[in-house]
Amino acid sequence: MPAGQEARGEELFAREPFKRAVGEALAGRHSGQLLALGERTYQLIANPVRQEDETVGAVLMLLDVTEREERDRLRQEFSANVSHELKTPLTSIVGFAEIMMNGLVKPEDTPRFAGNIYREAQRLISLVGDVMELSQLDEGSLQNRQEPVELYELTRQVAERFRPAAEKRGVTVQLQGEPCTVTGVRAILEEMVRNLCDNAVKYNVEGGRVTLAVSRREKDVLLAVSDTGVGIPYEDQERVFERFFRGDKSHSSQIAGTGLGLSIVKHGALFHNAKLTLQSRPGEGTTVLVAFPLPEPPTKE
Ligand code: ADP
C-alpha cells in the first residue's frame, strides 16, 4: 500500500465514527455514515456477518463520495442563487403593480411604470430560459442528440441575427472562416455562439467591432469570438464563467444580463469536450476561443 494511503488508513482507524461503525456491526447492527478524511469525503457502510444467528465478524465498505457531495453542494448553492435571482425582478413587478393598482400613478406616468414591469418580466423570461438551458446540460439527457453540425453556417446565421441591433449601437459584426463540421448538439452550439456574440456586442463601444471566426486546424475546429470592447478586469477573468457572476461594469451601466451566459458556454464546451480559453485586456477587448475536437481518424489495423 502506498505510504500516503497507509497513513490515511491509520487516520481512519483512529476516528470515532469508524470505531462506532465497527462496534455497531459487531453488535449485529447495520450502520452507515459520512466521514471526511483529508480533502475527501467517504461513505462508511458497516454490516454484521452472521453465521447461524451469531455475529462472527463485520464487513466494512468505504466509498469515495467526494464528487457526489460536491455536486450536491453546488446544486444547493445554485438553487439558492436561482431563487434569489428570481425574487428580485418579481419583487419589483409586485411593487410597481401595487402602486398602479392603488391608483397612485398619474395617467402620464403609466407608460413608464408599465415599461418597468415589462423589462422586469423580460428579465424573468431570460433567467428562466437560461436556467432551463443549464439544467438540460446538467442532466446530460442531450447526449444522444449529437449530429454533424456545420459550425460556420450556424455562426453566420447567429451573426446575421445580431447585426441589425449591433449596428444600431455603432458596432460592426464580421464573419471569417470556412465551412467546418463538428459533431455536437445543434441547439447547444447555437446557444454558445449566441451568448458569446451577445456579450461581444453588449460589452462593446461605439464604433467597435465584433469578429466571429471559424477555422479548421489539424486536430480541432476553432471558434473565435473577438470584440474591441471594454475588456474584463484581470481580477474578474477567473470568475466570469461562474454561474450568476456579473462584472461591476455590467451592473453599473445597466446592461441587461443574467450572469449565466458564460456558464452556459462553459457547460456547452464541457459537453462537447471542447477547450475554452479567454483572453481579455481591459480597455482593449476580449476574445473567447472554443476548440472543438475532431473525431480521431480510424487507426489502421
Ligand atoms: P451577463 O452578460 O449576463 O452578465 P455572462 O455570464 O455572459 O453574464 O458574463 C459574465 C460577466 O463577464 C459579465 O457580467 C461581464 O462583466 C463579463 N463579460 C462577459 N463577456 C464579456 C466581454 N466580451 N467583454 C467584457 N466583459 C465581458
# chains A, B, ... in the order shown; residues from 1 in each chain; ligands from 1
$ closest_atom_pairs --of "chain A" --to "ligand 1" --cutoff "9 Å" --atoms "only C-alpha atoms and all ligand atoms" --output "tab-separated table"
residue	atom	partner	partner_atom_place_in_ligand_line	distance
A:Asn195	CA	ligand 1	7 (O)	6.4
A:Leu196	CA	ligand 1	20 (N)	7.0
A:Cys197	CA	ligand 1	23 (N)	8.0
A:Asp198	CA	ligand 1	2 (O)	7.8
A:Asn199	CA	ligand 1	23 (N)	4.7
A:Ala200	CA	ligand 1	23 (N)	4.1
A:Val201	CA	ligand 1	23 (N)	7.4
A:Lys202	CA	ligand 1	23 (N)	7.4
A:Tyr203	CA	ligand 1	24 (N)	4.7
A:Asn204	CA	ligand 1	24 (N)	6.8
A:Val225	CA	ligand 1	23 (N)	8.3
A:Ser226	CA	ligand 1	23 (N)	7.4
A:Asp227	CA	ligand 1	23 (N)	6.3
A:Thr228	CA	ligand 1	24 (N)	8.4
A:Gly229	CA	ligand 1	24 (N)	5.9
A:Val230	CA	ligand 1	25 (C)	5.4
A:Gly231	CA	ligand 1	25 (C)	4.3
A:Ile232	CA	ligand 1	26 (N)	4.7
A:Pro233	CA	ligand 1	26 (N)	8.1
A:Asp236	CA	ligand 1	12 (O)	7.7
A:Gln237	CA	ligand 1	12 (O)	7.8
A:Arg239	CA	ligand 1	12 (O)	7.9
A:Val240	CA	ligand 1	12 (O)	4.5
A:Phe241	CA	ligand 1	6 (O)	6.0
A:Glu242	CA	ligand 1	6 (O)	7.1
A:Arg243	CA	ligand 1	6 (O)	6.8
A:Phe244	CA	ligand 1	6 (O)	6.6
A:Phe245	CA	ligand 1	10 (C)	5.4
A:Arg246	CA	ligand 1	14 (O)	3.3
A:Gly247	CA	ligand 1	16 (O)	3.2
A:Asp248	CA	ligand 1	16 (O)	6.3
A:Lys249	CA	ligand 1	16 (O)	6.1
A:Ser250	CA	ligand 1	14 (O)	5.0
A:His251	CA	ligand 1	14 (O)	7.4
A:Ile255	CA	ligand 1	4 (O)	7.6
A:Ala256	CA	ligand 1	3 (O)	6.6
A:Gly257	CA	ligand 1	3 (O)	3.1
A:Thr258	CA	ligand 1	3 (O)	3.8
A:Gly259	CA	ligand 1	8 (O)	3.1
A:Leu260	CA	ligand 1	6 (O)	4.2
A:Gly261	CA	ligand 1	7 (O)	3.5
A:Leu262	CA	ligand 1	6 (O)	3.7
A:Ser263	CA	ligand 1	6 (O)	5.7
A:Ile264	CA	ligand 1	6 (O)	7.7
A:Val265	CA	ligand 1	6 (O)	8.3
A:Ser280	CA	ligand 1	24 (N)	7.6
A:Pro282	CA	ligand 1	25 (C)	8.0
A:Gly285	CA	ligand 1	24 (N)	6.3
A:Thr286	CA	ligand 1	23 (N)	5.2
A:Thr287	CA	ligand 1	23 (N)	7.0
A:Val288	CA	ligand 1	23 (N)	7.8
$ residues_around --residues "Glu69 of chain A" --least-positions-apart "3" --cutoff "12 Å" --atoms "only C-alpha atoms" --output "short mmCIF file (atom, residue, chain, number, x, y, z; two decimals) with C-alpha atoms, in the first residue's frame"
data_model
loop_
_atom_site.label_atom_id
_atom_site.label_comp_id
_atom_site.auth_asym_id
_atom_site.auth_seq_id
_atom_site.Cartn_x
_atom_site.Cartn_y
_atom_site.Cartn_z
CA LEU A 34 -20.25 10.13 6.14
CA LEU A 35 -16.65 10.70 7.04
CA ALA A 36 -14.24 13.44 5.97
CA GLU A 39 -9.92 16.72 1.45
CA ARG A 40 -12.11 13.79 0.52
CA THR A 41 -15.47 12.60 1.79
CA TYR A 42 -16.22 8.90 2.28
CA GLN A 43 -19.35 6.96 3.00
CA LEU A 63 -16.91 4.60 -0.77
CA ASP A 64 -15.29 7.79 -2.01
CA VAL A 65 -18.28 10.12 -2.46
CA THR A 66 -16.34 13.40 -2.75
CA ASP A 72 -24.90 18.25 -4.20
CA ARG A 73 -23.30 21.29 -2.63
CA LEU A 74 -23.11 23.10 -5.98
CA ARG A 75 -26.69 22.18 -6.76
CA GLN A 76 -27.90 23.57 -3.43
#
$ closest_residue --among "A:Glu139, A:Glu150, A:Asp220, A:Glu296" --to "His267 of chain A" --atoms "only C-alpha atoms"
A:Glu139
$ closest_residue --among "A:Thr155, A:Ala187, A:Glu52, A:Phe78" --to "Leu137 of chain A" --atoms "only C-alpha atoms"
A:Ala187
$ closest_residue --among "A:Val128, A:Ile45, A:Leu104, A:Ala224" --to "Ala58 of chain A" --atoms "only C-alpha atoms"
A:Ile45
$ select_by_dssp --residues "segment 106-171 of chain A" --states "alpha helix (DSSP H)" --output "count of residues only"
48
$ closest_residue --among "A:Arg169, A:His272, A:Lys219, A:Lys106" --to "Glu147 of chain A" --atoms "only C-alpha atoms"
A:His272
$ atom_distance --atom1 "atom CA of Val56 of chain A" --atom2 "atom CA of Leu37 of chain A"
28.4 Å
$ atom_distance --atom1 "atom CA of Ser92 of chain A" --atom2 "atom CA of Ala165 of chain A"
27.1 Å
$ residues_around --residues "Ile93 of chain A" --least-positions-apart "2" --cutoff "12 Å" --atoms "only C-alpha atoms" --output "list in words"
Leu86, Lys87, Thr88, Pro89, Leu90, Thr91, Gly95, Phe96, Ala97, Glu98, Ile99, Met100, Met101, Phe113, Ala114, Gly115, Asn116, Ile117, Tyr118, Arg119, Glu120, Ala121, Gln122, Arg123 and Leu124 of chain A
$ atom_distance --atom1 "atom CA of Leu294 of chain A" --atom2 "atom CA of Pro148 of chain A"
10.9 Å
$ closest_residue --among "A:Ile125, A:Val185, A:Leu175, A:Met132" --to "Arg145 of chain A" --atoms "only C-alpha atoms"
A:Val185
$ closest_residue --among "A:Gly283, A:Pro293, A:Gln254, A:Thr110" --to "Cys180 of chain A" --atoms "only C-alpha atoms"
A:Pro293
$ residues_around --residues "segment 19-31 of chain A" --least-positions-apart "4" --cutoff "12 Å" --atoms "only C-alpha atoms" --output "list in words"
Glu11, Leu12, Phe13, Ala14, Arg15, Leu35, Gln43, Leu44, Ile45, Ala46, Asn47, Pro48, Val49, Arg50, Gln51, Asp53, Glu54, Thr55, Val56, Gly57, Ala58, Val59, Leu60, Met61 and Leu62 of chain A
$ select_by_dssp --residues "segment 169-214 of chain A" --states "strand (DSSP E or B)" --output "ChimeraX atom specification"
/A:172-177,181-184,209-214
